[in-house]
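**Q** model_23.cif is reproduced in full below (mmCIF, C-alpha atoms and all ligand atoms).
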```
data_upload
loop_
_atom_site.label_atom_id
_atom_site.label_comp_id
_atom_site.auth_asym_id
_atom_site.auth_seq_id
_atom_site.Cartn_x
_atom_site.Cartn_y
_atom_site.Cartn_z
CA MET A 1 109.54 117.24 84.33
CA VAL A 2 106.84 116.05 81.92
CA PHE A 3 103.11 115.69 82.65
CA VAL A 4 101.33 112.81 80.95
CA CYS A 5 97.54 112.32 80.83
CA ASP A 6 96.90 109.98 77.90
CA PRO A 7 96.35 106.36 79.06
CA LYS A 8 98.48 105.07 76.15
CA ASP A 9 101.42 107.21 77.28
CA ILE A 10 100.83 106.24 80.90
CA ALA A 11 100.95 102.58 79.90
CA MET A 12 104.20 103.25 78.03
CA VAL A 13 105.77 104.93 81.08
CA PHE A 14 104.79 102.16 83.48
CA ARG A 15 105.69 99.36 81.10
CA SER A 16 109.13 100.80 80.46
CA ASP A 17 109.67 101.04 84.21
CA GLY A 18 112.76 98.87 84.38
CA ARG A 19 114.69 98.12 87.51
CA ILE A 20 115.71 101.40 89.04
CA PRO A 21 119.51 101.32 89.46
CA GLU A 22 119.58 103.44 92.66
CA VAL A 23 117.12 101.11 94.34
CA GLY A 24 119.10 97.99 93.59
CA GLU A 25 118.77 94.25 93.66
CA GLU A 26 118.54 94.05 97.48
CA TRP A 27 115.36 96.13 97.38
CA TYR A 28 113.80 93.77 94.84
CA ARG A 29 114.63 90.74 96.96
CA VAL A 30 113.02 92.25 100.08
CA ARG A 31 110.02 93.61 98.17
CA SER A 32 109.32 90.28 96.41
CA SER A 33 109.49 88.49 99.70
CA VAL A 34 107.09 90.93 101.42
CA ASN A 35 104.76 90.91 98.38
CA LYS A 36 103.79 87.34 99.15
CA ASP A 37 102.27 88.37 102.48
CA MET A 38 100.89 91.73 101.47
CA MET A 39 99.58 91.33 97.96
CA ARG A 40 97.89 87.91 98.13
CA PRO A 41 94.19 88.21 98.92
CA LYS A 42 94.29 85.04 101.02
CA SER A 43 97.13 86.21 103.27
CA VAL A 44 95.61 89.65 103.73
CA GLY A 45 92.13 88.18 104.31
CA ALA A 46 93.43 86.51 107.47
CA TYR A 47 93.75 89.95 109.09
CA ALA A 48 90.14 90.99 108.34
CA PRO A 49 88.77 89.96 111.77
CA LEU A 50 91.40 92.12 113.54
CA GLN A 51 90.70 95.10 111.32
CA ASP A 52 86.98 94.54 111.85
CA GLU A 53 87.47 94.68 115.62
CA VAL A 54 89.10 98.11 115.29
CA SER A 55 86.34 99.39 112.98
CA ARG A 56 83.67 98.21 115.42
CA ASP A 57 85.52 100.09 118.19
CA LEU A 58 85.54 103.18 115.98
CA ALA A 59 81.77 102.97 115.43
CA THR A 60 81.21 102.50 119.19
CA LEU A 61 83.41 105.50 119.93
CA ILE A 62 81.45 107.67 117.47
CA GLN A 63 78.25 106.51 119.19
CA THR A 64 79.63 107.49 122.60
CA VAL A 65 80.72 110.92 121.34
CA VAL A 66 77.30 111.51 119.72
CA ARG A 67 75.34 110.40 122.81
CA LYS A 68 77.45 112.53 125.14
CA GLY A 69 77.12 115.66 123.04
CA ASP A 70 74.08 117.83 122.48
CA SER A 71 74.83 119.05 118.97
CA GLY A 72 72.51 116.77 116.98
CA GLY A 73 75.18 114.21 116.13
CA GLN A 74 77.84 116.69 115.03
CA VAL A 75 81.37 115.35 115.48
CA ASP A 76 84.14 117.91 115.03
CA ASN A 77 87.74 117.02 114.33
CA PHE A 78 86.65 113.64 113.02
CA LEU A 79 89.93 113.12 111.19
CA ASN A 80 91.65 112.81 114.54
CA LEU A 81 89.48 109.75 115.31
CA LEU A 82 90.33 108.33 111.90
CA HIS A 83 94.08 108.75 112.50
CA LYS A 84 93.72 106.80 115.74
CA TRP A 85 91.67 104.13 113.91
CA GLY A 86 94.38 103.84 111.23
CA LEU A 87 97.27 103.58 113.69
CA GLU A 88 95.44 101.14 115.99
CA SER A 89 94.69 98.90 113.04
CA LEU A 90 98.28 98.95 111.79
CA SER A 91 99.64 98.14 115.24
CA LEU A 92 97.28 95.17 115.63
CA VAL A 93 98.01 93.79 112.18
CA ILE A 94 101.77 94.36 112.10
CA LEU A 95 102.69 93.78 115.75
CA GLY A 96 99.63 91.96 117.09
CA LYS A 97 99.48 94.64 119.81
CA PRO A 98 96.59 96.98 120.62
CA LEU A 99 97.67 100.55 121.38
CA GLY A 100 94.42 101.60 123.06
CA CYS A 101 94.03 104.61 120.75
CA LEU A 102 90.26 104.42 120.39
CA THR A 103 89.13 105.73 123.73
CA LEU A 104 86.99 108.73 124.48
CA ASP A 105 89.82 110.37 126.39
CA GLN A 106 92.37 112.32 124.47
CA LEU A 107 95.59 110.39 124.16
CA ALA A 108 98.20 111.83 126.53
CA GLU A 109 100.43 114.25 124.61
CA ASP A 110 103.50 112.28 125.63
CA SER A 111 102.05 108.83 124.81
CA ASP A 112 103.84 106.94 122.05
CA ALA A 113 100.67 106.72 119.96
CA GLN A 114 99.99 110.49 120.08
CA ARG A 115 103.64 111.37 119.46
CA MET A 116 103.67 108.98 116.51
CA ILE A 117 100.49 110.47 115.02
CA SER A 118 101.75 114.05 115.40
CA ALA A 119 105.24 113.23 114.05
CA VAL A 120 103.89 111.40 110.99
CA LEU A 121 101.42 114.18 110.11
CA GLU A 122 104.15 116.81 110.44
CA PHE A 123 106.65 114.67 108.56
CA PHE A 124 104.46 114.47 105.45
CA LEU A 125 103.60 118.15 105.71
CA TYR A 126 107.29 119.09 105.63
CA PHE A 127 107.90 116.51 102.92
CA ALA A 128 105.33 118.29 100.76
CA LYS A 129 106.78 121.73 101.58
CA LEU A 130 110.34 120.66 100.74
CA GLU A 131 109.18 118.99 97.56
CA MET A 132 107.41 122.13 96.34
CA ALA A 133 110.10 124.69 97.20
CA PRO A 134 113.49 125.30 95.53
CA PRO A 135 115.83 122.61 96.94
CA LEU A 136 117.85 124.95 99.18
CA TYR A 137 117.94 122.17 101.78
CA GLN A 138 120.41 120.31 99.53
CA TYR A 139 122.99 123.00 100.33
CA ILE A 140 122.10 124.32 103.79
CA SER A 141 120.16 122.92 106.66
CA THR A 142 116.99 125.05 106.36
CA PRO A 143 114.47 125.28 109.28
CA ALA A 144 111.98 123.16 107.25
CA TRP A 145 114.67 120.52 106.65
CA LYS A 146 115.57 120.44 110.36
CA LYS A 147 111.90 119.96 111.33
CA PHE A 148 111.51 117.24 108.69
CA VAL A 149 114.52 115.32 110.04
CA LYS A 150 113.30 115.76 113.63
CA CYS A 151 109.88 114.30 112.77
CA MET A 152 111.51 111.41 110.95
CA ASP A 153 113.75 110.67 113.96
CA THR A 154 110.76 110.79 116.32
CA MET A 155 108.55 108.47 114.29
CA ASN A 156 111.34 106.01 113.57
CA SER A 157 112.45 105.86 117.20
CA ILE A 158 108.87 105.20 118.41
CA ALA A 159 108.37 102.51 115.75
CA GLU A 160 111.73 100.94 116.71
CA LYS A 161 110.69 100.95 120.37
CA MET A 162 107.34 99.28 119.58
CA ILE A 163 109.04 96.68 117.40
CA GLY A 164 111.78 96.11 120.03
CA GLU A 165 109.13 95.36 122.66
CA LYS A 166 107.47 92.89 120.29
CA LEU A 167 110.77 91.17 119.52
CA ALA A 168 111.50 90.83 123.27
CA GLU A 169 108.08 89.17 123.74
CA LEU A 170 108.70 86.79 120.85
CA ARG A 171 112.11 85.80 122.26
CA LYS A 172 110.49 84.83 125.56
CA MET A 173 108.03 82.47 123.82
CA GLU A 174 108.92 78.82 123.58
CA GLU A 175 106.71 78.20 120.53
CA PRO A 176 105.96 80.69 117.73
CA PRO A 177 102.54 82.38 118.23
CA GLU A 178 99.60 80.43 116.77
CA GLU A 179 98.07 83.42 115.02
CA ALA A 180 101.07 85.15 113.57
CA ASP A 181 101.06 88.92 113.27
CA PHE A 182 102.70 90.39 110.20
CA LEU A 183 106.10 90.98 111.85
CA SER A 184 106.30 87.39 113.15
CA SER A 185 105.46 86.17 109.70
CA LEU A 186 108.27 88.32 108.20
CA LEU A 187 110.71 87.00 110.79
CA SER A 188 109.91 83.43 109.85
CA LYS A 189 111.15 84.03 106.30
CA LYS A 190 114.47 82.43 105.51
CA ASN A 191 115.42 84.97 102.85
CA MET A 192 115.04 88.03 105.07
CA THR A 193 117.38 89.22 107.82
CA LEU A 194 116.18 90.58 111.17
CA ASP A 195 117.27 94.10 110.17
CA GLU A 196 115.35 93.90 106.92
CA ALA A 197 112.17 92.67 108.66
CA VAL A 198 112.46 95.51 111.18
CA MET A 199 113.01 98.04 108.39
CA VAL A 200 109.89 96.86 106.55
CA ALA A 201 107.82 96.97 109.75
CA ILE A 202 109.00 100.54 110.48
CA GLU A 203 108.07 101.67 106.97
CA LEU A 204 104.59 100.15 107.25
CA LEU A 205 103.91 101.44 110.77
CA THR A 206 104.92 104.99 110.00
CA GLY A 207 103.91 105.52 106.39
CA ALA A 208 100.40 104.30 106.07
CA PHE A 209 97.73 105.41 108.51
CA GLU A 210 97.23 108.93 107.16
CA SER A 211 96.41 107.82 103.60
CA THR A 212 93.88 105.29 104.87
CA ALA A 213 92.25 107.79 107.26
CA ASN A 214 91.95 110.47 104.55
CA THR A 215 90.47 107.97 102.10
CA LEU A 216 87.80 106.89 104.58
CA ALA A 217 86.97 110.57 105.20
CA PHE A 218 86.54 111.19 101.43
CA ASN A 219 84.27 108.12 101.15
CA LEU A 220 82.07 109.25 104.06
CA TYR A 221 81.87 112.77 102.66
CA SER A 222 80.81 111.47 99.22
CA LEU A 223 78.10 109.33 100.82
CA ALA A 224 76.93 112.23 103.00
CA LYS A 225 76.55 114.38 99.88
CA HIS A 226 74.75 111.60 97.98
CA PRO A 227 72.09 110.14 100.29
CA ASP A 228 70.71 107.85 97.55
CA ALA A 229 74.07 106.14 97.20
CA GLN A 230 74.34 105.95 100.98
CA GLN A 231 70.93 104.27 101.19
CA LYS A 232 71.88 101.78 98.47
CA LEU A 233 75.09 100.93 100.29
CA TYR A 234 73.19 100.59 103.59
CA GLU A 235 70.78 98.12 101.96
CA GLU A 236 73.65 96.07 100.55
CA ILE A 237 75.35 96.02 103.96
CA MET A 238 72.16 94.93 105.75
CA ALA A 239 71.55 92.18 103.18
CA VAL A 240 75.05 90.76 103.51
CA VAL A 241 76.10 91.46 107.12
CA PRO A 242 73.37 91.74 109.73
CA PRO A 243 74.58 93.90 112.67
CA GLY A 244 76.59 92.01 115.26
CA GLN A 245 77.78 89.42 112.77
CA PRO A 246 81.57 89.26 112.32
CA ILE A 247 82.96 90.07 108.90
CA ASP A 248 85.62 88.13 107.07
CA ASP A 249 87.16 88.58 103.65
CA LYS A 250 84.59 86.27 102.01
CA VAL A 251 81.79 88.58 103.12
CA LEU A 252 83.60 91.55 101.56
CA ASN A 253 83.64 89.78 98.21
CA LYS A 254 79.84 89.81 98.16
CA MET A 255 79.54 93.60 98.17
CA PRO A 256 79.85 95.05 94.65
CA TYR A 257 78.23 98.36 95.54
CA LEU A 258 80.72 98.94 98.37
CA ARG A 259 83.57 98.49 95.88
CA ALA A 260 81.86 100.77 93.38
CA VAL A 261 81.51 103.52 96.03
CA PHE A 262 85.19 103.12 96.94
CA LYS A 263 86.32 103.45 93.30
CA GLU A 264 84.06 106.37 92.47
CA THR A 265 85.31 108.24 95.53
CA PHE A 266 88.92 107.65 94.45
CA ARG A 267 88.07 108.93 90.98
CA LEU A 268 86.73 112.21 92.33
CA TYR A 269 88.92 112.48 95.44
CA PRO A 270 92.27 110.78 94.76
CA THR A 271 94.27 110.39 97.96
CA ILE A 272 97.49 110.71 95.98
CA PHE A 273 97.46 113.33 93.23
CA PHE A 274 100.20 111.94 91.05
CA ASN A 275 101.71 108.69 90.04
CA ALA A 276 105.32 109.43 89.24
CA ARG A 277 108.25 107.71 87.60
CA THR A 278 111.76 108.67 86.52
CA LEU A 279 112.45 107.25 83.08
CA THR A 280 115.20 104.65 82.98
CA ARG A 281 115.49 104.86 79.17
CA ASP A 282 114.41 107.14 76.31
CA VAL A 283 110.72 106.76 75.54
CA VAL A 284 108.43 108.23 72.86
CA LEU A 285 105.39 109.92 74.43
CA ALA A 286 102.72 111.68 72.35
CA GLY A 287 105.13 111.63 69.42
CA TYR A 288 108.03 113.23 71.33
CA ARG A 289 111.21 111.45 72.35
CA VAL A 290 111.60 111.99 76.10
CA PRO A 291 115.10 111.29 77.41
CA SER A 292 116.06 108.86 80.14
CA LYS A 293 116.11 110.35 83.70
CA THR A 294 113.18 112.70 82.95
CA GLN A 295 110.64 112.82 85.76
CA ILE A 296 107.14 111.92 84.55
CA MET A 297 104.08 113.01 86.50
CA MET A 298 100.68 111.37 85.89
CA PRO A 299 97.97 113.47 87.60
CA GLN A 300 95.05 111.27 88.58
CA ASN A 301 92.41 114.01 88.81
CA VAL A 302 93.08 115.21 85.24
CA ILE A 303 92.69 111.73 83.82
CA SER A 304 89.55 111.06 85.89
CA ALA A 305 87.89 114.19 84.50
CA GLN A 306 88.06 113.14 80.83
CA PRO A 307 84.55 112.40 79.48
CA GLU A 308 85.82 109.93 76.89
CA TYR A 309 86.77 107.59 79.73
CA PHE A 310 84.23 108.67 82.35
CA PRO A 311 80.95 110.02 80.93
CA GLU A 312 79.65 113.00 82.93
CA PRO A 313 82.90 113.02 84.82
CA GLU A 314 81.83 115.65 87.37
CA SER A 315 78.92 113.48 88.62
CA TYR A 316 79.28 111.00 91.45
CA VAL A 317 77.99 107.74 89.95
CA PRO A 318 79.19 104.57 91.74
CA GLU A 319 77.07 102.57 89.28
CA ARG A 320 79.60 103.29 86.53
CA TRP A 321 81.90 100.75 88.20
CA LEU A 322 79.36 97.93 88.32
CA ARG A 323 79.74 95.20 85.74
CA ASN A 324 77.34 95.23 82.80
CA GLU A 325 76.91 98.96 83.24
CA SER A 326 77.31 100.32 79.70
CA SER A 327 78.21 103.82 80.94
CA ALA A 328 81.64 102.63 82.09
CA ASN A 329 84.38 103.04 79.55
CA ALA A 330 87.30 103.01 81.95
CA GLU A 331 90.31 101.89 79.95
CA ALA A 332 93.28 100.28 81.54
CA PHE A 333 95.66 102.96 82.89
CA THR A 334 92.93 105.58 83.40
CA PHE A 335 92.46 104.67 87.05
CA LEU A 336 95.48 103.74 89.20
CA PRO A 337 94.92 105.04 92.74
CA PHE A 338 97.52 102.62 94.09
CA GLY A 339 100.05 102.99 91.27
CA TYR A 340 101.22 100.18 89.03
CA GLY A 341 103.95 97.62 88.48
CA ALA A 342 106.88 96.61 90.65
CA ARG A 343 106.53 99.70 92.85
CA MET A 344 102.78 99.73 93.20
CA CYS A 345 101.39 100.26 96.71
CA ILE A 346 102.33 97.25 98.76
CA GLY A 347 99.62 98.02 101.30
CA ARG A 348 96.80 98.16 98.74
CA ARG A 349 94.93 95.07 99.89
CA PHE A 350 95.33 95.96 103.57
CA ALA A 351 94.11 99.49 102.91
CA GLU A 352 91.12 98.37 100.84
CA GLN A 353 90.07 95.82 103.44
CA GLU A 354 90.43 98.32 106.26
CA ILE A 355 88.43 101.04 104.50
CA PHE A 356 85.69 98.58 103.49
CA LEU A 357 85.38 97.49 107.13
CA GLY A 358 85.38 101.08 108.37
CA LEU A 359 82.63 102.01 105.92
CA ILE A 360 80.50 98.97 106.75
CA ARG A 361 80.66 99.48 110.52
CA ILE A 362 79.91 103.20 110.29
CA ILE A 363 77.12 103.06 107.69
CA GLN A 364 75.54 100.08 109.46
CA LYS A 365 75.14 102.18 112.62
CA PHE A 366 74.70 105.74 111.38
CA HIS A 367 73.23 107.88 108.72
CA VAL A 368 76.18 110.12 107.84
CA GLY A 369 75.48 113.76 107.01
CA TRP A 370 77.35 116.94 106.16
CA ASP A 371 76.37 120.52 106.75
CA GLY A 372 77.99 123.75 105.66
CA GLU A 373 80.71 124.42 103.13
CA ASP A 374 81.85 121.65 100.83
CA MET A 375 84.97 119.70 101.68
CA LYS A 376 87.98 120.42 99.49
CA GLN A 377 91.20 118.55 99.13
CA ILE A 378 94.44 120.14 100.27
CA TYR A 379 97.86 118.84 99.38
CA LYS A 380 99.89 117.59 102.36
CA PHE A 381 101.84 114.99 100.40
CA PHE A 382 98.67 112.92 100.69
CA ASN A 383 95.53 114.79 99.75
CA ALA A 384 93.69 115.65 102.94
CA PRO A 385 90.22 117.05 103.69
CA ASP A 386 90.26 120.79 104.48
CA ARG A 387 87.40 120.36 106.97
CA ASP A 388 86.21 117.36 108.93
CA THR A 389 82.95 118.00 110.79
CA PHE A 390 80.49 115.19 110.08
CA ILE A 391 76.97 114.58 111.38
CA PHE A 392 76.19 111.09 112.61
CA ARG A 393 72.56 110.12 113.26
CA GLU A 394 72.03 106.69 114.80
CA ARG A 395 69.90 104.41 112.68
CA GLN A 396 66.84 102.88 114.35
C1 LIG B 401 94.08 104.33 100.74
C2 LIG B 401 95.30 104.20 101.18
C3 LIG B 401 96.52 104.17 100.31
C4 LIG B 401 96.73 104.73 99.09
C5 LIG B 401 95.78 105.55 98.22
C6 LIG B 401 98.09 104.38 98.71
C7 LIG B 401 98.67 104.74 97.51
C8 LIG B 401 99.98 104.47 97.16
C9 LIG B 401 100.60 104.84 95.91
C10 LIG B 401 99.93 105.59 94.76
C11 LIG B 401 101.89 104.42 95.96
C12 LIG B 401 102.96 104.60 94.85
C13 LIG B 401 102.80 103.43 93.88
C14 LIG B 401 103.55 103.55 92.58
O1 LIG B 401 104.39 104.45 92.45
O2 LIG B 401 103.31 102.73 91.66
C15 LIG B 401 102.10 103.77 97.26
C16 LIG B 401 103.28 103.20 97.68
C17 LIG B 401 103.42 102.54 98.89
N1 LIG B 401 102.45 102.27 99.82
FE1 LIG B 401 100.53 102.87 99.73
N2 LIG B 401 98.65 103.64 99.71
C18 LIG B 401 97.72 103.47 100.71
C19 LIG B 401 97.86 102.75 101.88
C20 LIG B 401 98.98 102.04 102.24
C21 LIG B 401 99.07 101.16 103.38
C22 LIG B 401 97.95 100.83 104.37
C23 LIG B 401 100.36 100.68 103.41
C24 LIG B 401 101.01 99.72 104.38
C25 LIG B 401 100.40 98.89 105.19
C26 LIG B 401 101.07 101.27 102.29
C27 LIG B 401 102.38 101.06 102.00
C28 LIG B 401 103.02 101.56 100.88
C29 LIG B 401 104.44 101.37 100.60
C30 LIG B 401 105.45 100.66 101.51
C31 LIG B 401 104.70 101.98 99.36
C32 LIG B 401 106.04 102.08 98.63
C33 LIG B 401 106.13 100.87 97.72
C34 LIG B 401 107.45 100.75 97.00
O3 LIG B 401 108.04 101.76 96.63
O4 LIG B 401 107.86 99.61 96.81
N3 LIG B 401 100.19 102.08 101.60
N4 LIG B 401 100.91 103.81 97.96
#
```
Could the structure of this file be written out as structure tokens, please?
**A**
Amino acid sequence: MVFVCDPKDIAMVFRSDGRIPEVGEEWYRVRSSVNKDMMRPKSVGAYAPLQDEVSRDLATLIQTVVRKGDSGGQVDNFLNLLHKWGLESLSLVILGKPLGCLTLDQLAEDSDAQRMISAVLEFFLYFAKLEMAPPLYQYISTPAWKKFVKCMDTMNSIAEKMIGEKLAELRKMEEPPEEADFLSSLLSKKNMTLDEAVMVAIELLTGAFESTANTLAFNLYSLAKHPDAQQKLYEEIMAVVPPGQPIDDKVLNKMPYLRAVFKETFRLYPTIFFNARTLTRDVVLAGYRVPSKTQIMMPQNVISAQPEYFPEPESYVPERWLRNESSANAEAFTFLPFGYGARMCIGRRFAEQEIFLGLIRIIQKFHVGWDGEDMKQIYKFFNAPDRDTFIFRERQ
């Protein structure tokens, strides 16, 4: 395994990322087909109103929790609300079906939504544990391996059930739905089989809400710790979207400070520690010939802390990402929170849009604060916050 932190070497690794033989041509066909719906701003923009609805529900739920409590706006276990927000949003976008996650009541332990959330969180936790330990599980079925497989079975079977119900509804319809959800749009593709569309939908439903929830938590924490930046963002939000007005993708394009906050938070709190690739041919890195099949790790937090690319790297300065700001010297390949190339995050645009909407709806309604020990990141496959008690004060 080789660690690489120089942007020139990172570029070399990504650019030599040929087609990975184990993944195969079939994978490329499916991925290229899905890319059209998931990577094009216009296609993704169509889902903004749905994602906005879920973010408004989240803000209303926070308000209800704050008004019911008597702890000066303190909301404990906030990440749990964010997991529900992430799953609800995915279900609406992918299946066009609300799950009803964002209610004040705890979800019933045996509800599909709660079982899915618990199984996914545990799945990634065991994934991280197995990845870090000697690979005994390759020879014997260790307890961690058994738990990992059990979680995977649970989350896949719930996703299959949800998708099955959606397919049954679609079959009963005489005309295709007017406003197609993501699954219906996949099914309408001529170059994709039913099984492939279902497989893609399962992957998206199960793999994505935790990363989005953690990223929103890191953004809120950064704003809580930097009230000036929070105020600046609030002013931008109020200038562009008065409360009560719906938000579409065009509105989001008018908010440079929001994007700058998002990037600066990723720089200091990456949701995924490493970009990784296995070399498919020999490559020269930092003057050394590194053989094909070597695993290359590109740690985001090390690169983000280099002053030659990010002056005063330890300071939180969203302004460094604004155009015309001379302090920014971010070279290509110094900042890749969603990866790069053929395997880059397929959900990037969905995730960005969802987090922007979450931030807007929360900051529009509340001043977000933080008390007590600083939040740290802990590795659970995705980086996660080690504590999640926020303080929400309603704005006048
Ligand atoms: C803030 C949230 C997210 C972050 C930081 C993130 C980050 C990443 C990164 C770094 C990769 C690996 C890319 C590479 O190796 O080049 C990845 C892959 C992937 N992501 Fe995301 N992601 C997020 C949200 C999402 C969402 C919402 C979805 C789905 C709706 C999604 C679906 C995927 C899939 C399917 C892959 C595997 C792509 C492939 O191998 O072809 N992600 N993500």
**Q** Please return as a PyMOL selection string the residues found within 8 Å of ligand LIG 401 (chain B), counting all atoms listed in the file.
**A** chain A and resi 31+90+200+203-205+207-216+270-272+274-277+336-352+355
**Q** Would you mind reading off the distance between atom CA of Ile94 of chain A and atom CA of Leu220 of chain A, one decimal, in Å?
**A** 26.0 Å
**Q** Provide the atom CA of Glu264 of chain A to atom CA of Gly369 of chain A distance in Å, to one decimal place.
**A** 18.4 Å
**Q** Kindly provide, as a list in words, the polymer residues lying within 12 Å of (89.6, 116.7, 125.5), counting all atoms listed in the file and using the coordinates exactly as they appear in the file.
**A** Val65, Asp76, Asn77, Asn80, Thr103, Leu104, Asp105, Gln106, Leu107, Ala108 and Glu109 of chain A
**Q** Expressed in Å to a single decimal, how great is the separation between atom CA of Pro307 of chain A and atom CA of Asp388 of chain A?
**A**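 Value for the atom CA of Pro307 of chain A-atom CA of Asp388 of chain A distance: 29.9 Å.
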**Q** Of the residues A:Glu312, A:Asp228, A:Glu174, A:Asp153, which is the one nearest to Ile202 of chain A, using only C-alpha atoms?
**A**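 Going through A:Glu312, A:Asp228, A:Glu174, A:Asp153 one by one, the smallest distance to Ile202 of chain A is for A:Asp153.
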**Q** Each residue of segment 125-237 of chain A with at least one atom at most 12 Å from segment 313-317 of chain A should appear once, together with its nearest atom pair and the corresponding distance in Å (one decimal); atoms considered: all atoms listed in the file; ordering: chain, then increasing residue number; output as CSV.
**A**
```
residue,atom,partner,partner_atom,distance
A:Asn219,CA,A:Tyr316,CA,11.3
A:Tyr221,CA,A:Tyr316,CA,11.6
A:Ser222,CA,A:Tyr316,CA,7.9
A:Leu223,CA,A:Tyr316,CA,9.6
A:Ala224,CA,A:Tyr316,CA,11.9
A:Lys225,CA,A:Tyr316,CA,9.5
A:His226,CA,A:Tyr316,CA,8.0
A:Pro227,CA,A:Tyr316,CA,11.4
A:Asp228,CA,A:Val317,CA,10.5
A:Ala229,CA,A:Val317,CA,8.4
A:Gln230,CA,A:Val317,CA,11.8
```
**Q** Find, counting all atoms listed in the file, the residue in A:Glu319, A:Leu167, A:Asp6, A:Leu61 that gets nearest to Gly287 of chain A.
**A** A:Asp6
**Q** Go through A:Asp112, A:Glu196, A:Asp371, A:Glu354 one by one, measure the shortest atom-to-atom distance of each to Ala159 of chain A using only C-alpha atoms, and give the residue with the smallest value.
**A** A:Asp112
**Q** With only C-alpha atoms as the atoms that count, which of A:Met297, A:Leu252, A:Ala180, A:Ala119 lies nearest to Val2 of chain A?
**A**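 Of the candidates, the smallest distance to Val2 of chain A is held by A:Met297.
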**Q** Rank A:His83, A:Lys254, A:Arg320, A:Lys263 by their smallest atom-to-atom distance to Leu58 of chain A, using only C-alpha atoms, and report the top residue only.
**A**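 Using only C-alpha atoms, the shortest distance to Leu58 of chain A belongs to A:His83.
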**Q** Find, counting only C-alpha atoms, the residue in A:Pro246, A:Ala128, A:Val30, A:Arg323 that gets nearest to Val198 of chain A.
**A**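 Closest to Val198 of chain A of all the choices is A:Val30.
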**Q** Hey, what's within 12 Å of Tyr288 of chain A if we count all atoms listed in the file and toss same-chain stuff fewer than 4 positions away? As a count of residues only, please?
**A** 6
**Q** For Ile391 of chain A, find every residue with an atom within 6 Å (counting only C-alpha atoms), except residues of its own chain fewer than 5 positions away, and show them as a PyMOL selection string.
**A** chain A and resi 73-74+368-370
**Q** Find the residues near Thr60 of chain A: any atom within 12 Å, counting only C-alpha atoms, skip ones fewer than 2 places away on the same chain, and give them as an mmCIF file with C-alpha atoms, in the frame of the given file.
**A**
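Final file, out.cif:
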```
data_model
loop_
_atom_site.group_PDB
_atom_site.id
_atom_site.type_symbol
_atom_site.label_atom_id
_atom_site.label_comp_id
_atom_site.auth_asym_id
_atom_site.auth_seq_id
_atom_site.Cartn_x
_atom_site.Cartn_y
_atom_site.Cartn_z
ATOM 1 C CA GLU A 53 87.470 94.680 115.620
ATOM 2 C CA VAL A 54 89.100 98.110 115.290
ATOM 3 C CA SER A 55 86.340 99.390 112.980
ATOM 4 C CA ARG A 56 83.670 98.210 115.420
ATOM 5 C CA ASP A 57 85.520 100.090 118.190
ATOM 6 C CA LEU A 58 85.540 103.180 115.980
ATOM 7 C CA ILE A 62 81.450 107.670 117.470
ATOM 8 C CA GLN A 63 78.250 106.510 119.190
ATOM 9 C CA THR A 64 79.630 107.490 122.600
ATOM 10 C CA VAL A 65 80.720 110.920 121.340
ATOM 11 C CA VAL A 66 77.300 111.510 119.720
ATOM 12 C CA ARG A 67 75.340 110.400 122.810
ATOM 13 C CA LEU A 81 89.480 109.750 115.310
ATOM 14 C CA TRP A 85 91.670 104.130 113.910
ATOM 15 C CA LEU A 102 90.260 104.420 120.390
ATOM 16 C CA THR A 103 89.130 105.730 123.730
ATOM 17 C CA LEU A 104 86.990 108.730 124.480
ATOM 18 C CA GLY A 358 85.380 101.080 108.370
ATOM 19 C CA ARG A 361 80.660 99.480 110.520
ATOM 20 C CA ILE A 362 79.910 103.200 110.290
ATOM 21 C CA GLN A 364 75.540 100.080 109.460
ATOM 22 C CA LYS A 365 75.140 102.180 112.620
ATOM 23 C CA PHE A 366 74.700 105.740 111.380
ATOM 24 C CA PHE A 392 76.190 111.090 112.610
ATOM 25 C CA GLU A 394 72.030 106.690 114.800
#
```
